[in-house]
Amino acid sequence: MNRASFHRNRSQFRLGFWLLLAPIVLWLSLLIILPHVDMVLVSLRERIASRQYGFSLDNYTAFFTEPLYWNTFVRTAVMSIIATLMTLIIAFPVSFYIAKVLSGRPKIALFILCLIPFWVSELVRTYGWMILLRETGLISGALQWLGLAGQPVELLYNDVAIMIGLIYTSMLFMVVPLVTTLDSLDNSLIEAGYDLGGNGWQVMTNIVIPHAMPGIMSGCIVVFMLTLGNYLTPTLLGGKDSLWFTEQIYTQFITRFNWEQGAAFGILLLILSSLIVWLGLKLTKQSFTRVMS
Amino acid sequence: MSDHAVASATEPRVQADLACTRLSKQFGAFTAVDQVSFSIPRGAFFSILGPSGCGKTTLLRMLAGFQQPDSGDILIKGRSVLHTPPNKRPVNMVFQHLALFPNMSVAENIAYGLKRNGVPKRQHAALIDEVLTKVHLPGYGKKRIDQLSGGQKQRVAIARCLVLKPAVLLLDEPLGALDLKLREQMKIELKRLQQEFNTTFVYITHDQSEALVMSDQVAVMNHGRFEQVGTPQELYYQPKTAFVASFVGDSNQFAATVQAQTDQTVTTVTKRGVQLQCYSELALPPGAPVTLFIRPEVIQVGVCKPDPVPDNCLAATVLRILFDGARSQIQVQTAEGAVLLAALPQTADFQALTPGRSVYLSWQARQGLCFAATSPQHPGAVP
């Protein structure tokens, strides 16, 4: 190849490269970066008079000085962490069973069974839980029929109901990465673990879980982010007192029409949740690139 | 067929490290292991050689405890281990793909078994150093598994098992993934390790050369049964069945019919009408269909007709020369049209041998084996 054609090929390669990159660059910049930059700008201003704005950090200080906001955020974060861990605890045995115990058709069937609830919208799924849990719902009725309750029982509008809804909604996002990583674990490693004298628990903690760690972490990150940012499930299942941070943001934007405060909350949610994820990765000694690859 | 194996094993000898009696395993209608009995004396290198699907892996997995036999018993050092789970059995296994734990260093891989077996922690370092020195990898403890070459991984996998001082080490075709040169080295290395640790090795393979080079005893397995158990020499020179004759070493095979038998010398006629003298320990009635096995290296190739004329002598023409150094062979065609392979003599007379030359092929009756042609399941005949 001579120099000229080499250069021509190179420039062609570059053009193709940029053309292929264009959609993702446009998508990222127009729909993610620009709105967030604007959000930051909105959050850093203060309305002085009608249509007059000045720079201010008041929206951020309000978050830290007003106990309701701060407490709501802590509550949301703690509930999300608990929901994530509980999803992991429930999803891990399920995923292990799908990936390592089953094979062939039953394996695919069970995997699809985990997937099917996600064919209906989150709203419908949440209403499903409401039908089960409300005062005149199925569970309340069953309890009365069995004589375990003398009157209708309200199972909705409490933290347990929120937790159930969140775990149910998140399950797939935990099962998929877990099944994928567990599938890639060579069965002979498990057998070697037993062969060298390990019992079930030792094989699980020494071999299976270290191997599945990237899947566990990526599942946890996705579930945590989805839970923290969930609006529908806490509102519908938790009712008016659910105190979810996304509700605060909604209230600021829609009810109070205080876009500045809402934008500040949005940015804070992004920063604080990223911080929690970073902490989680640090504590489990996992690297973000490994988890996401 | 497996009389020999059964006879030596129905009453396991006291010093046997591992003995099996009438071990069977079925998967649905398929019998993977069919009434296999054997016993392995202490410190022996025992190979199970067979084509893929013959049940050797199932047998090994039953010994390790990963599969439960349908019937029969497994005795390790005289005690039944049928109800002992794999993590409690005094056997360890080197897996086909080694199954080294990738999230652990070399030392941690070796320490895993020590920890699980309750060896006090302060002894670990010394034991690990000792075993790594024995497998010729001193100072490799801190390395990660992905920093090792294929042969080094092999040694770590063996060290990880041998540090636990098992009664029996099971090896599931561990050399399969290595390239040819390394495989040749590892054969010698494995034999050395087996002698140095003085541990009973049970090695399964489909590669006859691995089995023949390393083993004290080889069992040839086919369709879930042991066809023959013996030393490599016995299997090669005195195969008991047609399958063993065809599976171990190369052979020229001919279909023929028996004409007469005096003692152990059988006179047969091939389909092309050539009369050949063969050897059989079993009585074969006249007219019975048989398969003849003549190894390429027993055929004497001569330029002139040999005198006195041996039991079998055929005139033939050289078709082509298959040069492979010391393993060179010639492909020849007899006057009757049969094509066979013969070893090319490494003498000056044959340096200039060219296709088209006439040669004489001769061998003694004792060197040609014949077996009743009952089952048509022999793997690809050579000529």
# chains A, B, ... in the order shown; residues from 1 in each chain; ligands from 1
call {"tool": "interface_residues", "arguments": {"of": "chain A", "to": "chain B", "cutoff": "6 Å", "atoms": "only C-alpha atoms", "output": "list in words"}}
result
Ser188, Leu189, Tyr194, Asp195, Leu196, Gly197 and Gly198 of chain A
call {"tool": "select_by_dssp", "arguments": {"residues": "range 101-205 of chain A", "states": "helix (DSSP H, G or I)", "output": "MDAnalysis selection string"}}
result
chainID A and resid 101 105:119 122:133 138:145 159:183 187:195 200:205
call {"tool": "closest_atom_pairs", "arguments": {"of": "range 122-234 of chain A", "to": "range 76-90 of chain A", "cutoff": "8 Å", "atoms": "only C-alpha atoms", "output": "CSV"}}
result
residue,atom,partner,partner_atom,distance
A:Met163,CA,A:Ala83,CA,6.1
A:Leu166,CA,A:Ala83,CA,6.6
A:Ile167,CA,A:Thr87,CA,5.4
A:Ser170,CA,A:Thr87,CA,7.0
A:Met171,CA,A:Thr87,CA,6.1
A:Met174,CA,A:Leu88,CA,6.6
A:Ile216,CA,A:Leu88,CA,7.5
A:Cys220,CA,A:Thr84,CA,6.0
A:Val223,CA,A:Thr84,CA,6.0
A:Phe224,CA,A:Thr84,CA,5.6
A:Thr227,CA,A:Ser80,CA,5.6
A:Leu228,CA,A:Ser80,CA,5.7
call {"tool": "write_last_selection", "arguments": {"atoms": "C-alpha atoms", "output": "JSON list (two decimals), in the first residue's frame"}}
result
[["chain", "number", "residue", "atom", "x", "y", "z"],
["A", 163, "MET", "CA", -41.00, -2.78, 49.55],
["A", 166, "LEU", "CA", -40.16, -2.30, 44.55],
["A", 167, "ILE", "CA", -38.70, -5.80, 44.83],
["A", 170, "SER", "CA", -36.74, -4.87, 40.20],
["A", 171, "MET", "CA", -36.50, -8.64, 40.14],
["A", 174, "MET", "CA", -31.24, -8.57, 39.12],
["A", 216, "ILE", "CA", -24.13, -9.01, 41.61],
["A", 220, "CYS", "CA", -27.39, -4.04, 42.44],
["A", 223, "VAL", "CA", -31.84, -2.05, 40.86],
["A", 224, "PHE", "CA", -30.69, 0.64, 43.29],
["A", 227, "THR", "CA", -35.63, 2.00, 42.95],
["A", 228, "LEU", "CA", -34.26, 5.35, 44.01]]
call {"tool": "closest_residue", "arguments": {"among": "B:Gln68, B:Gln364, B:Gln154, B:Gln208", "to": "Leu276 in chain B", "atoms": "only C-alpha atoms"}}
result
B:Gln364
call {"tool": "atom_distance", "arguments": {"atom1": "CA of Leu170 in chain B", "atom2": "CA of Gln202 in chain A"}}
result
22.4 Å
call {"tool": "residues_around", "arguments": {"residues": "Lys305 in chain B", "least_positions_apart": "4", "cutoff": "9 Å", "atoms": "only C-alpha atoms", "output": "ChimeraX atom specification"}}
result
/B:309,313,315,359-362
call {"tool": "write_last_selection", "arguments": {"atoms": "N, CA and C atoms", "output": "compact mmCIF listing (two decimals), in the first residue's frame"}}
result
# COMPACT_ATOMS: atom_id res chain seq x y z
N VAL B 309 11.04 -69.40 2.81
CA VAL B 309 9.80 -68.63 2.72
C VAL B 309 9.09 -68.67 4.07
N CYS B 313 3.91 -64.74 2.78
CA CYS B 313 4.77 -63.96 1.88
C CYS B 313 3.95 -63.50 0.70
N ALA B 315 3.80 -60.85 -2.81
CA ALA B 315 4.47 -59.95 -3.74
C ALA B 315 3.61 -58.70 -3.86
N VAL B 359 8.18 -55.29 -4.31
CA VAL B 359 8.76 -55.70 -3.04
C VAL B 359 8.07 -56.99 -2.59
N TYR B 360 8.69 -57.64 -1.62
CA TYR B 360 8.07 -58.82 -1.00
C TYR B 360 7.74 -58.50 0.44
N LEU B 361 6.53 -58.83 0.84
CA LEU B 361 6.10 -58.61 2.21
C LEU B 361 6.02 -59.97 2.89
N SER B 362 6.57 -60.06 4.09
CA SER B 362 6.50 -61.34 4.77
C SER B 362 6.37 -61.15 6.26
call {"tool": "closest_residue", "arguments": {"among": "A:Val94, A:Ser218, A:Gln252, A:Gly262", "to": "Gly280 in chain A", "atoms": "only C-alpha atoms"}}
result
A:Ser218
call {"tool": "closest_residue", "arguments": {"among": "A:Val74, A:Leu156, A:Leu133, A:Met204", "to": "Lys240 in chain A", "atoms": "only C-alpha atoms"}}
result
A:Leu156
call {"tool": "atom_distance", "arguments": {"atom1": "CA of Ala177 in chain B", "atom2": "CA of Gln147 in chain B"}}
result
16.9 Å
